file start.pdb (PDB, C-alpha atoms and all ligand atoms)
ATOM      1  CA  MET M   3     -13.612 -15.672   4.618
ATOM      2  CA  LYS M   4     -13.039 -12.821   6.997
ATOM      3  CA  ASN M   5      -9.693 -11.779   8.372
ATOM      4  CA  LYS M   6      -7.955 -15.095   8.088
ATOM      5  CA  PHE M   7      -4.273 -14.719   8.734
ATOM      6  CA  SER M   8      -1.496 -17.173   8.218
ATOM      7  CA  ILE M   9       1.169 -18.350  10.572
ATOM      8  CA  LEU M  10       4.470 -17.035   9.359
ATOM      9  CA  ILE M  11       7.279 -19.486   9.071
ATOM     10  CA  GLY M  12       8.757 -18.391   5.773
ATOM     11  CA  LEU M  13      12.405 -17.929   5.092
ATOM     12  CA  PHE M  14      13.456 -14.444   4.252
ATOM     13  CA  ALA M  15      16.339 -13.030   2.345
ATOM     14  CA  ILE M  16      17.396  -9.546   1.396
ATOM     15  CA  ALA M  17      19.426  -9.021  -1.696
ATOM     16  CA  SER M  18      20.396  -6.341  -4.103
ATOM     17  CA  ALA M  19      20.560  -7.477  -7.658
ATOM     18  CA  VAL M  20      19.786  -6.484 -11.201
ATOM     19  CA  TRP M  21      16.151  -7.255 -11.753
ATOM     20  CA  PHE M  22      16.126  -8.580 -15.238
ATOM     21  CA  LEU M  23      18.547 -11.327 -14.288
ATOM     22  CA  VAL M  24      16.252 -12.389 -11.524
ATOM     23  CA  LEU M  25      13.086 -12.067 -13.528
ATOM     24  CA  SER M  26      14.370 -14.015 -16.457
ATOM     25  CA  GLN M  27      14.928 -16.932 -14.125
ATOM     26  CA  ARG M  28      11.828 -16.663 -12.049
ATOM     27  CA  PRO M  29       9.903 -19.868 -11.645
ATOM     28  CA  GLY M  30       6.096 -20.028 -11.558
ATOM     29  CA  ARG M  31       3.940 -19.217  -8.573
ATOM     30  CA  ILE M  32       5.722 -16.038  -7.650
ATOM     31  CA  LEU M  33       3.867 -13.107  -6.184
ATOM     32  CA  GLU M  34       5.400  -9.720  -6.938
ATOM     33  CA  ALA M  35       4.967  -6.361  -5.222
ATOM     34  CA  ASP M  36       6.616  -3.290  -6.721
ATOM     35  CA  PHE M  37       6.897  -0.279  -4.441
ATOM     36  CA  LEU M  38       7.141   2.417  -7.085
ATOM     37  CA  ASP M  39       9.293   5.499  -6.718
ATOM     38  CA  VAL M  40       6.741   8.154  -7.625
ATOM     39  CA  GLY M  41       8.161  10.968  -5.498
ATOM     40  CA  GLN M  42       6.369  12.060  -2.323
ATOM     41  CA  GLY M  43       3.429   9.660  -2.352
ATOM     42  CA  ASP M  44       2.459   5.999  -2.455
ATOM     43  CA  ALA M  45       2.013   3.649  -5.406
ATOM     44  CA  ILE M  46       2.413  -0.092  -5.068
ATOM     45  CA  LEU M  47       1.719  -2.580  -7.845
ATOM     46  CA  ILE M  48       0.972  -6.187  -6.929
ATOM     47  CA  LYS M  49       1.066  -9.031  -9.431
ATOM     48  CA  THR M  50      -0.306 -12.389  -8.357
ATOM     49  CA  PRO M  51       1.275 -15.672  -9.478
ATOM     50  CA  LYS M  52      -1.113 -15.989 -12.424
ATOM     51  CA  GLY M  53      -0.936 -12.341 -13.389
ATOM     52  CA  GLN M  54      -3.841 -10.650 -11.667
ATOM     53  CA  THR M  55      -2.969  -7.071 -10.780
ATOM     54  CA  MET M  56      -3.728  -4.678  -7.957
ATOM     55  CA  LEU M  57      -2.552  -1.084  -7.647
ATOM     56  CA  ILE M  58      -2.563   0.500  -4.206
ATOM     57  CA  ASP M  59      -2.619   4.298  -4.633
ATOM     58  CA  GLY M  60      -1.249   6.232  -7.587
ATOM     59  CA  GLY M  61       1.143   8.790  -6.173
ATOM     60  CA  PRO M  62       1.034  12.569  -6.610
ATOM     61  CA  GLY M  63       1.130  12.814 -10.406
ATOM     62  CA  ASN M  64       1.634  11.030 -13.687
ATOM     63  CA  LYS M  65       5.009   9.492 -12.893
ATOM     64  CA  VAL M  66       3.094   6.321 -12.103
ATOM     65  CA  LEU M  67       2.050   5.987 -15.772
ATOM     66  CA  GLU M  68       5.645   5.614 -16.856
ATOM     67  CA  LYS M  69       6.180   3.051 -14.080
ATOM     68  CA  LEU M  70       3.150   1.007 -15.110
ATOM     69  CA  GLY M  71       4.453   1.077 -18.660
ATOM     70  CA  LYS M  72       7.548  -0.644 -17.338
ATOM     71  CA  TYR M  73       5.805  -3.279 -15.227
ATOM     72  CA  LEU M  74       2.567  -4.049 -17.064
ATOM     73  CA  SER M  75       1.844  -5.411 -20.505
ATOM     74  CA  PRO M  76       1.631  -2.540 -22.999
ATOM     75  CA  ILE M  77      -0.977  -4.473 -24.978
ATOM     76  CA  LYS M  78      -3.448  -5.455 -22.298
ATOM     77  CA  LYS M  79      -4.259  -2.131 -20.620
ATOM     78  CA  ARG M  80      -5.928  -3.725 -17.638
ATOM     79  CA  ILE M  81      -5.619  -3.499 -13.850
ATOM     80  CA  ASP M  82      -7.904  -5.831 -11.928
ATOM     81  CA  VAL M  83      -8.120  -3.876  -8.678
ATOM     82  CA  ILE M  84      -7.284  -0.287  -7.743
ATOM     83  CA  LEU M  85      -7.298   0.471  -4.029
ATOM     84  CA  LEU M  86      -7.199   4.106  -2.912
ATOM     85  CA  THR M  87      -6.149   4.128   0.757
ATOM     86  CA  HIS M  88      -7.479   7.672   1.276
ATOM     87  CA  PRO M  89      -8.187  10.659  -0.977
ATOM     88  CA  HIS M  90      -5.152  12.859  -0.295
ATOM     89  CA  ALA M  91      -3.439  14.195  -3.409
ATOM     90  CA  ASP M  92      -0.212  12.225  -2.911
ATOM     91  CA  HIS M  93      -2.244   9.008  -3.201
ATOM     92  CA  VAL M  94      -5.099   9.853  -5.541
ATOM     93  CA  ALA M  95      -3.762  12.274  -8.167
ATOM     94  CA  GLY M  96      -1.876   9.672 -10.208
ATOM     95  CA  LEU M  97      -4.920   7.409 -10.364
ATOM     96  CA  ILE M  98      -6.988   9.867 -12.402
ATOM     97  CA  GLU M  99      -5.100   9.388 -15.660
ATOM     98  CA  ILE M 100      -4.781   5.643 -15.017
ATOM     99  CA  LEU M 101      -8.572   5.377 -14.815
ATOM    100  CA  ARG M 102      -8.807   7.193 -18.145
ATOM    101  CA  ARG M 103      -6.336   4.879 -19.868
ATOM    102  CA  TYR M 104      -6.778   1.454 -18.286
ATOM    103  CA  ASP M 105      -9.632  -1.013 -18.070
ATOM    104  CA  ILE M 106     -10.216  -1.437 -14.325
ATOM    105  CA  GLY M 107     -12.145  -4.282 -12.700
ATOM    106  CA  LEU M 108     -12.758  -2.996  -9.188
ATOM    107  CA  VAL M 109     -12.036   0.251  -7.362
ATOM    108  CA  ILE M 110     -11.844   0.059  -3.556
ATOM    109  CA  LEU M 111     -12.405   3.303  -1.652
ATOM    110  CA  ASN M 112     -12.391   4.232   2.013
ATOM    111  CA  GLY M 113     -15.659   6.139   1.877
ATOM    112  CA  ALA M 114     -14.200   9.449   3.061
ATOM    113  CA  ASP M 115     -16.138  12.403   1.756
ATOM    114  CA  LEU M 116     -13.500  14.952   0.810
ATOM    115  CA  LYS M 117     -14.233  17.813  -1.563
ATOM    116  CA  THR M 118     -10.979  18.443  -3.341
ATOM    117  CA  ASP M 119     -10.420  18.924  -7.075
ATOM    118  CA  ASN M 120      -8.220  15.841  -7.271
ATOM    119  CA  TYR M 121     -10.712  13.609  -5.555
ATOM    120  CA  ASN M 122     -13.638  14.969  -7.571
ATOM    121  CA  GLN M 123     -11.742  14.286 -10.788
ATOM    122  CA  PHE M 124     -10.909  10.828  -9.538
ATOM    123  CA  LEU M 125     -14.556  10.031  -8.748
ATOM    124  CA  THR M 126     -15.596  11.258 -12.199
ATOM    125  CA  ALA M 127     -12.906   9.096 -13.774
ATOM    126  CA  VAL M 128     -14.119   6.070 -11.780
ATOM    127  CA  ARG M 129     -17.655   6.629 -13.034
ATOM    128  CA  ASP M 130     -16.516   7.074 -16.631
ATOM    129  CA  ASN M 131     -14.333   3.975 -16.396
ATOM    130  CA  GLY M 132     -17.268   1.776 -15.483
ATOM    131  CA  ALA M 133     -15.316  -0.144 -12.840
ATOM    132  CA  GLU M 134     -17.136  -1.771  -9.928
ATOM    133  CA  VAL M 135     -16.784   0.157  -6.655
ATOM    134  CA  LEU M 136     -16.412  -1.191  -3.132
ATOM    135  CA  ILE M 137     -16.432   1.009  -0.030
ATOM    136  CA  ALA M 138     -14.051  -0.899   2.195
ATOM    137  CA  SER M 139     -14.764  -2.009   5.733
ATOM    138  CA  ALA M 140     -12.842  -4.250   8.093
ATOM    139  CA  GLY M 141     -13.706  -7.848   7.248
ATOM    140  CA  ASP M 142     -13.791  -7.316   3.480
ATOM    141  CA  ALA M 143     -11.326  -9.392   1.497
ATOM    142  CA  VAL M 144     -10.236  -9.650  -2.128
ATOM    143  CA  HIS M 145      -9.380 -13.156  -3.280
ATOM    144  CA  PHE M 146      -6.865 -13.633  -6.051
ATOM    145  CA  ASP M 147      -5.528 -16.678  -7.863
ATOM    146  CA  GLU M 148      -3.336 -19.210  -6.057
ATOM    147  CA  ASN M 149      -5.113 -18.314  -2.792
ATOM    148  CA  ALA M 150      -3.427 -14.920  -2.601
ATOM    149  CA  GLU M 151      -5.702 -12.509  -0.773
ATOM    150  CA  PHE M 152      -5.953  -8.961   0.504
ATOM    151  CA  ASP M 153      -7.732  -8.653   3.881
ATOM    152  CA  ILE M 154      -9.012  -5.263   4.984
ATOM    153  CA  ILE M 155      -8.728  -4.488   8.709
ATOM    154  CA  SER M 156      -9.482  -0.745   8.795
ATOM    155  CA  PRO M 157     -11.558   1.416   8.646
ATOM    156  CA  ASP M 158     -14.416  -0.129  10.597
ATOM    157  CA  GLU M 159     -17.704   1.133  12.024
ATOM    158  CA  ASN M 160     -15.850   2.536  15.059
ATOM    159  CA  SER M 161     -13.370   4.533  13.009
ATOM    160  CA  GLY M 162     -15.401   7.707  13.427
ATOM    161  CA  GLY M 163     -16.800  10.062  10.844
ATOM    162  CA  ARG M 164     -15.604  10.031   7.291
ATOM    163  CA  VAL M 165     -17.032  13.446   6.403
ATOM    164  CA  PHE M 166     -14.579  16.287   6.063
ATOM    165  CA  ASN M 167     -14.980  20.004   5.727
ATOM    166  CA  GLY M 168     -14.930  21.633   2.340
ATOM    167  CA  LYS M 169     -11.551  21.604   0.714
ATOM    168  CA  SER M 170      -9.772  20.753   3.945
ATOM    169  CA  GLU M 171      -7.215  18.014   3.520
ATOM    170  CA  GLY M 172      -6.875  17.732   7.285
ATOM    171  CA  PHE M 173      -9.490  17.550   9.967
ATOM    172  CA  GLY M 174     -13.139  16.795   9.588
ATOM    173  CA  ALA M 175     -16.226  17.870  11.445
ATOM    174  CA  ASN M 176     -15.559  15.312  14.158
ATOM    175  CA  GLY M 177     -11.889  16.164  14.460
ATOM    176  CA  ASN M 178     -10.932  13.145  12.396
ATOM    177  CA  ASP M 179      -7.772  13.151  10.391
ATOM    178  CA  VAL M 180      -8.241  12.069   6.765
ATOM    179  CA  ASN M 181      -5.049  10.042   7.175
ATOM    180  CA  ASP M 182      -6.806   7.921   9.789
ATOM    181  CA  THR M 183      -9.508   6.921   7.335
ATOM    182  CA  SER M 184      -6.800   5.090   5.364
ATOM    183  CA  ILE M 185      -7.605   1.582   4.290
ATOM    184  CA  VAL M 186      -5.282  -0.751   6.171
ATOM    185  CA  GLY M 187      -4.954  -4.227   4.751
ATOM    186  CA  LYS M 188      -2.821  -7.309   4.670
ATOM    187  CA  LEU M 189      -1.696  -9.072   1.525
ATOM    188  CA  ILE M 190      -1.253 -12.777   2.198
ATOM    189  CA  TYR M 191       0.276 -15.406  -0.042
ATOM    190  CA  GLY M 192       1.090 -18.701   1.615
ATOM    191  CA  ASP M 193       3.213 -17.892   4.645
ATOM    192  CA  PHE M 194       4.200 -14.519   3.226
ATOM    193  CA  SER M 195       2.495 -11.237   4.037
ATOM    194  CA  ILE M 196       2.764  -7.485   3.654
ATOM    195  CA  LEU M 197       0.871  -5.010   5.829
ATOM    196  CA  PHE M 198      -0.244  -1.829   4.049
ATOM    197  CA  THR M 199      -1.172   1.042   6.342
ATOM    198  CA  GLY M 200      -1.729   3.995   4.015
ATOM    199  CA  ASP M 201      -1.129   7.158   6.039
ATOM    200  CA  ALA M 202      -2.688   5.874   9.276
ATOM    201  CA  THR M 203      -1.246   7.381  12.460
ATOM    202  CA  PHE M 204      -0.731   6.169  16.044
ATOM    203  CA  LYS M 205      -4.459   6.474  16.733
ATOM    204  CA  ILE M 206      -5.335   3.746  14.231
ATOM    205  CA  GLU M 207      -2.240   1.689  14.999
ATOM    206  CA  ASN M 208      -3.311   1.542  18.646
ATOM    207  CA  ARG M 209      -6.793   0.406  17.664
ATOM    208  CA  LEU M 210      -5.366  -2.322  15.465
ATOM    209  CA  LEU M 211      -3.377  -3.840  18.319
ATOM    210  CA  VAL M 212      -6.487  -5.900  19.150
ATOM    211  CA  TYR M 213      -5.582  -8.075  16.162
ATOM    212  CA  GLY M 214      -2.607  -9.325  18.148
ATOM    213  CA  ASP M 215      -0.529 -11.919  16.310
ATOM    214  CA  ASN M 216      -2.672 -11.491  13.223
ATOM    215  CA  LEU M 217      -0.843  -8.210  12.607
ATOM    216  CA  LYS M 218       2.459 -10.014  12.180
ATOM    217  CA  SER M 219       3.760  -9.449   8.659
ATOM    218  CA  ASP M 220       7.013 -10.060   6.839
ATOM    219  CA  ILE M 221       7.003  -6.572   5.370
ATOM    220  CA  LEU M 222       5.463  -3.312   6.572
ATOM    221  CA  LYS M 223       4.600  -0.601   4.078
ATOM    222  CA  VAL M 224       5.422   2.108   6.572
ATOM    223  CA  GLY M 225       2.566   4.431   7.508
ATOM    224  CA  HIS M 226       2.480   8.047   6.315
ATOM    225  CA  HIS M 227       5.850   8.117   4.535
ATOM    226  CA  GLY M 228       7.761   7.553   7.776
ATOM    227  CA  SER M 229       6.151  10.458   9.649
ATOM    228  CA  LYS M 230       6.968  10.641  13.332
ATOM    229  CA  TYR M 231       3.255  10.267  14.126
ATOM    230  CA  SER M 232       3.104   6.748  12.684
ATOM    231  CA  SER M 233       4.967   3.469  13.391
ATOM    232  CA  SER M 234       4.710   3.426  17.186
ATOM    233  CA  LEU M 235       6.906   1.057  19.131
ATOM    234  CA  SER M 236       3.956  -1.072  20.214
ATOM    235  CA  PHE M 237       2.675  -1.296  16.642
ATOM    236  CA  LEU M 238       6.099  -2.211  15.265
ATOM    237  CA  LYS M 239       6.423  -4.841  17.964
ATOM    238  CA  ALA M 240       3.048  -6.319  17.023
ATOM    239  CA  VAL M 241       3.769  -6.363  13.274
ATOM    240  CA  SER M 242       7.415  -7.341  13.781
ATOM    241  CA  PRO M 243       8.295  -7.058  10.101
ATOM    242  CA  LYS M 244      11.675  -8.137   8.808
ATOM    243  CA  ALA M 245      11.660  -5.238   6.401
ATOM    244  CA  ALA M 246      10.111  -1.771   6.466
ATOM    245  CA  ILE M 247       9.477  -0.048   3.149
ATOM    246  CA  VAL M 248       9.023   3.732   3.123
ATOM    247  CA  GLU M 249       7.450   5.404   0.100
ATOM    248  CA  VAL M 250       8.886   8.901   0.212
ATOM    249  CA  GLY M 251      10.157  11.648  -2.088
ATOM    250  CA  ALA M 252      13.731  12.892  -2.038
ATOM    251  CA  LYS M 253      14.122  16.200  -0.163
ATOM    252  CA  ASN M 254      10.400  16.393   0.579
ATOM    253  CA  ARG M 255       9.196  19.429   2.497
ATOM    254  CA  TYR M 256       7.746  17.364   5.347
ATOM    255  CA  GLY M 257      11.062  15.947   6.487
ATOM    256  CA  HIS M 258       9.811  12.392   5.890
ATOM    257  CA  PRO M 259      10.970   9.916   6.973
ATOM    258  CA  SER M 260      11.455  11.249  10.478
ATOM    259  CA  PRO M 261      14.757  10.375  12.179
ATOM    260  CA  ALA M 262      12.724   9.346  15.251
ATOM    261  CA  THR M 263      10.768   6.821  13.190
ATOM    262  CA  LEU M 264      13.899   5.483  11.512
ATOM    263  CA  SER M 265      15.466   4.955  14.917
ATOM    264  CA  ARG M 266      12.396   2.964  15.999
ATOM    265  CA  PHE M 267      12.887   0.643  12.995
ATOM    266  CA  LYS M 268      16.508   0.187  13.981
ATOM    267  CA  MET M 269      15.504  -0.820  17.515
ATOM    268  CA  PHE M 270      13.783  -3.846  15.960
ATOM    269  CA  ASN M 271      16.633  -4.559  13.546
ATOM    270  CA  MET M 272      14.379  -4.097  10.555
ATOM    271  CA  ASN M 273      15.846  -3.796   7.106
ATOM    272  CA  ILE M 274      14.846  -0.380   5.852
ATOM    273  CA  PHE M 275      14.099   0.366   2.215
ATOM    274  CA  ARG M 276      13.036   3.774   0.962
ATOM    275  CA  THR M 277      12.061   4.847  -2.513
ATOM    276  CA  ASP M 278      13.880   8.203  -2.304
ATOM    277  CA  ARG M 279      17.205   6.371  -2.015
ATOM    278  CA  ASN M 280      16.532   2.920  -3.455
ATOM    279  CA  GLY M 281      14.246   3.846  -6.367
ATOM    280  CA  ASP M 282      11.664   1.152  -7.120
ATOM    281  CA  ILE M 283      11.704  -1.694  -4.620
ATOM    282  CA  LYS M 284      10.697  -5.130  -5.847
ATOM    283  CA  VAL M 285       9.507  -7.917  -3.570
ATOM    284  CA  LEU M 286       9.228 -11.455  -4.905
ATOM    285  CA  SER M 287       7.826 -14.325  -2.867
ATOM    286  CA  ASP M 288       6.849 -17.920  -3.567
ATOM    287  CA  GLY M 289       4.896 -17.973  -0.318
ATOM    288  CA  PHE M 290       7.834 -19.296   1.667
ATOM    289  CA  THR M 291      10.990 -17.539   0.602
ATOM    290  CA  THR M 292      11.036 -13.808  -0.078
ATOM    291  CA  ASN M 293      13.562 -11.613  -1.815
ATOM    292  CA  ILE M 294      13.693  -7.849  -1.964
ATOM    293  CA  TYR M 295      15.481  -6.046  -4.800
ATOM    294  CA  LYS M 296      16.221  -2.382  -5.039
ATOM    295  CA  GLU M 297      16.693  -0.334  -8.178
ATOM    296  CA  LYS M 298      19.618   1.583  -6.690
TER     297      LYS M 298
HETATM  298 ZN    ZN M 301       0.487  10.405   1.968
END

call {"tool": "encode", "arguments": {"input": "start.pdb", "output": "structure tokens", "more": "lines below"}}
Ligand SMILES: [Zn+2]
result
Amino acid sequence: MKNKFSILIGLFAIASAVWFLVLSQRPGRILEADFLDVGQGDAILIKTPKGQTMLIDGGPGNKVLEKLGKYLSPIKKRIDVILLTHPHADHVAGLIEILRRYDIGLVILNGADLKTDNYNQFLTAVRDNGAEVLIASAGDAVHFDENAEFDIISPDENSGGRVFNGKSEGFGANGNDVNDTSIVGKLIYGDFSILFTGDATFKIENRLLVYGDNLKSDILKVGHHGSKYSSSLSFLKAVSPKAAIVEVGAKNRYGHPSPATLSRFKMFNMNIFRTDRNGDIKVLSDGFTTNIYKEK
């Protein structure tokens, strides 16, 4: 199966409620995605209906450990899939300690060659963990229980070089931005979907427009923490999410999310959630109806 996308006809509801009330009543066959408030960085935990787990990025430090303690079984220290969108510190640093403490099934990487201390420690921790490793390319897919799946749509062979200079966190030998090597993928469960874009910028968004209606997703994990160089109007129009979720730290030094980007979301009447203000953001879907809950 390569890049199969569903037609979206699901109902959608936004609500603010106390989680434990909701969770105690949750029926079976619910997919859960927790957008964790880990400060300035990304960390999203996905739990499939039968309990398989996937962690997308680990945030900038060990705050994610405390979050996982809250959302995962303390007895079974296991995460089935870890996906690192790209090796910048605000995505990779928190994964190092997770790899040391958890049994991991598969680690998905973008193949970028970046020589930073964080990323070197991460790669060592992957090796010591013994997890399988997949270098992601468009067309790869991870299949979970209940036909939930994660389809990778970027990077592909045309994405340009993935080799970067020395300790540079920015531009590589070919002028490529590490952010644009981000793994972009779509989580699909029934008629429900979330598009995860890592820190990809306009350049990648424009390239992805060839997917047309297949980009359409109920929820967009907003690219690059709401930077003004991501979430173009044409991309937002193509994805047409009902909700945009920004993973961002309070009072971060980058000014994320950018007011210009927020105003673009408003043009499409998207519901905006952001971890700096809402804390952890929980999405529950049965494949038809979706609810979003915020911690605050
Ligand atoms: Zn980032």

call {"tool": "residues_near_ligand", "arguments": {"input": "start.pdb", "ligand": "ligand ZN 301 (chain M)", "cutoff": "7 Å", "atoms": "all atoms listed in the file", "output": "MDAnalysis selection string"}}
result
chainID M and resid 43:44 90 92:93 201 226:227

call {"tool": "write_last_selection", "arguments": {"input": "start.pdb", "atoms": "C-alpha atoms", "output": "CSV table (one decimal), in the frame of the given file"}}
result
chain,number,residue,atom,x,y,z
M,43,GLY,CA,3.4,9.7,-2.4
M,44,ASP,CA,2.5,6.0,-2.5
M,90,HIS,CA,-5.2,12.9,-0.3
M,92,ASP,CA,-0.2,12.2,-2.9
M,93,HIS,CA,-2.2,9.0,-3.2
M,201,ASP,CA,-1.1,7.2,6.0
M,226,HIS,CA,2.5,8.0,6.3
M,227,HIS,CA,5.8,8.1,4.5

call {"tool": "residues_near_point", "arguments": {"input": "start.pdb", "point": "(4.2, -11.9, 5.4)", "cutoff": "8 Å", "atoms": "only C-alpha atoms", "output": "NGL selection string"}}
result
:M and (10 or 12 or 189-191 or 193-197 or 218-221 or 243)

call {"tool": "closest_atom_pairs", "arguments": {"input": "start.pdb", "of": "stretch 148-244 of chain M", "to": "stretch 266-282 of chain M", "cutoff": "10 Å", "atoms": "only C-alpha atoms", "output": "tab-separated table"}}
result
residue	atom	partner	partner_atom	distance
M:Ile221	CA	M:Met272	CA	9.3
M:Leu222	CA	M:Met272	CA	9.8
M:Lys223	CA	M:Phe275	CA	9.7
M:Val224	CA	M:Arg276	CA	9.6
M:His227	CA	M:Arg276	CA	9.1
M:Gly228	CA	M:Arg276	CA	9.4
M:Lys230	CA	M:Arg266	CA	9.8
M:Ser233	CA	M:Arg266	CA	7.9
M:Ser234	CA	M:Arg266	CA	7.8
M:Leu235	CA	M:Arg266	CA	6.6
M:Leu238	CA	M:Phe267	CA	7.7
M:Lys239	CA	M:Phe270	CA	7.7
M:Ser242	CA	M:Phe270	CA	7.6
M:Pro243	CA	M:Met272	CA	6.8
M:Lys244	CA	M:Met272	CA	5.2

call {"tool": "write_last_selection", "arguments": {"input": "start.pdb", "atoms": "C-alpha atoms", "output": "PDB file, in the frame of the given file"}}
result
ATOM      1  CA  ILE M 221       7.003  -6.572   5.370  1.00  0.00           C
ATOM      2  CA  LEU M 222       5.463  -3.312   6.572  1.00  0.00           C
ATOM      3  CA  LYS M 223       4.600  -0.601   4.078  1.00  0.00           C
ATOM      4  CA  VAL M 224       5.422   2.108   6.572  1.00  0.00           C
ATOM      5  CA  HIS M 227       5.850   8.117   4.535  1.00  0.00           C
ATOM      6  CA  GLY M 228       7.761   7.553   7.776  1.00  0.00           C
ATOM      7  CA  LYS M 230       6.968  10.641  13.332  1.00  0.00           C
ATOM      8  CA  SER M 233       4.967   3.469  13.391  1.00  0.00           C
ATOM      9  CA  SER M 234       4.710   3.426  17.186  1.00  0.00           C
ATOM     10  CA  LEU M 235       6.906   1.057  19.131  1.00  0.00           C
ATOM     11  CA  LEU M 238       6.099  -2.211  15.265  1.00  0.00           C
ATOM     12  CA  LYS M 239       6.423  -4.841  17.964  1.00  0.00           C
ATOM     13  CA  SER M 242       7.415  -7.341  13.781  1.00  0.00           C
ATOM     14  CA  PRO M 243       8.295  -7.058  10.101  1.00  0.00           C
ATOM     15  CA  LYS M 244      11.675  -8.137   8.808  1.00  0.00           C
TER      16      LYS M 244
END

call {"tool": "atom_distance", "arguments": {"input": "start.pdb", "atom1": "atom CA of M:Gly141", "atom2": "atom CA of M:Glu249"}}
result
26.0 Å

call {"tool": "resolve_selection", "arguments": {"input": "start.pdb", "expression": "the PyMOL selection byres (((chain M and resi 120) around 12) and not hetatm)", "output": "mmCIF file with C-alpha atoms, keeping the file's coordinate frame"}}
result
data_model
loop_
_atom_site.group_PDB
_atom_site.id
_atom_site.type_symbol
_atom_site.label_atom_id
_atom_site.label_comp_id
_atom_site.auth_asym_id
_atom_site.auth_seq_id
_atom_site.Cartn_x
_atom_site.Cartn_y
_atom_site.Cartn_z
ATOM 1 C CA GLY M 60 -1.249 6.232 -7.587
ATOM 2 C CA GLY M 61 1.143 8.790 -6.173
ATOM 3 C CA PRO M 62 1.034 12.569 -6.610
ATOM 4 C CA GLY M 63 1.130 12.814 -10.406
ATOM 5 C CA HIS M 88 -7.479 7.672 1.276
ATOM 6 C CA PRO M 89 -8.187 10.659 -0.977
ATOM 7 C CA HIS M 90 -5.152 12.859 -0.295
ATOM 8 C CA ALA M 91 -3.439 14.195 -3.409
ATOM 9 C CA ASP M 92 -0.212 12.225 -2.911
ATOM 10 C CA HIS M 93 -2.244 9.008 -3.201
ATOM 11 C CA VAL M 94 -5.099 9.853 -5.541
ATOM 12 C CA ALA M 95 -3.762 12.274 -8.167
ATOM 13 C CA GLY M 96 -1.876 9.672 -10.208
ATOM 14 C CA LEU M 97 -4.920 7.409 -10.364
ATOM 15 C CA ILE M 98 -6.988 9.867 -12.402
ATOM 16 C CA GLU M 99 -5.100 9.388 -15.660
ATOM 17 C CA LEU M 116 -13.500 14.952 0.810
ATOM 18 C CA LYS M 117 -14.233 17.813 -1.563
ATOM 19 C CA THR M 118 -10.979 18.443 -3.341
ATOM 20 C CA ASP M 119 -10.420 18.924 -7.075
ATOM 21 C CA TYR M 121 -10.712 13.609 -5.555
ATOM 22 C CA ASN M 122 -13.638 14.969 -7.571
ATOM 23 C CA GLN M 123 -11.742 14.286 -10.788
ATOM 24 C CA PHE M 124 -10.909 10.828 -9.538
ATOM 25 C CA LEU M 125 -14.556 10.031 -8.748
ATOM 26 C CA THR M 126 -15.596 11.258 -12.199
ATOM 27 C CA ALA M 127 -12.906 9.096 -13.774
ATOM 28 C CA LYS M 169 -11.551 21.604 0.714
ATOM 29 C CA GLU M 171 -7.215 18.014 3.520
#

call {"tool": "closest_residue", "arguments": {"input": "start.pdb", "among": "M:Lys284, M:Lys296, M:Gly113, M:Glu159", "to": "M:Tyr73", "atoms": "all atoms listed in the file"}}
result
M:Lys284

call {"tool": "atom_distance", "arguments": {"input": "start.pdb", "atom1": "atom CA of M:Leu33", "atom2": "atom CA of M:Ile48"}}
result
7.5 Å

call {"tool": "closest_residue", "arguments": {"input": "start.pdb", "among": "M:Thr292, M:Thr87, M:Asn64, M:Asn149", "to": "M:Ala202", "atoms": "only C-alpha atoms"}}
result
M:Thr87

call {"tool": "closest_residue", "arguments": {"input": "start.pdb", "among": "M:Gln54, M:Asn208, M:Asn216, M:Asn131", "to": "M:Glu148", "atoms": "only C-alpha atoms"}}
result
M:Gln54

call {"tool": "closest_residue", "arguments": {"input": "start.pdb", "among": "M:Val83, M:Ser260, M:Val180, M:Gly187", "to": "M:Leu136", "atoms": "all atoms listed in the file"}}
result
M:Val83
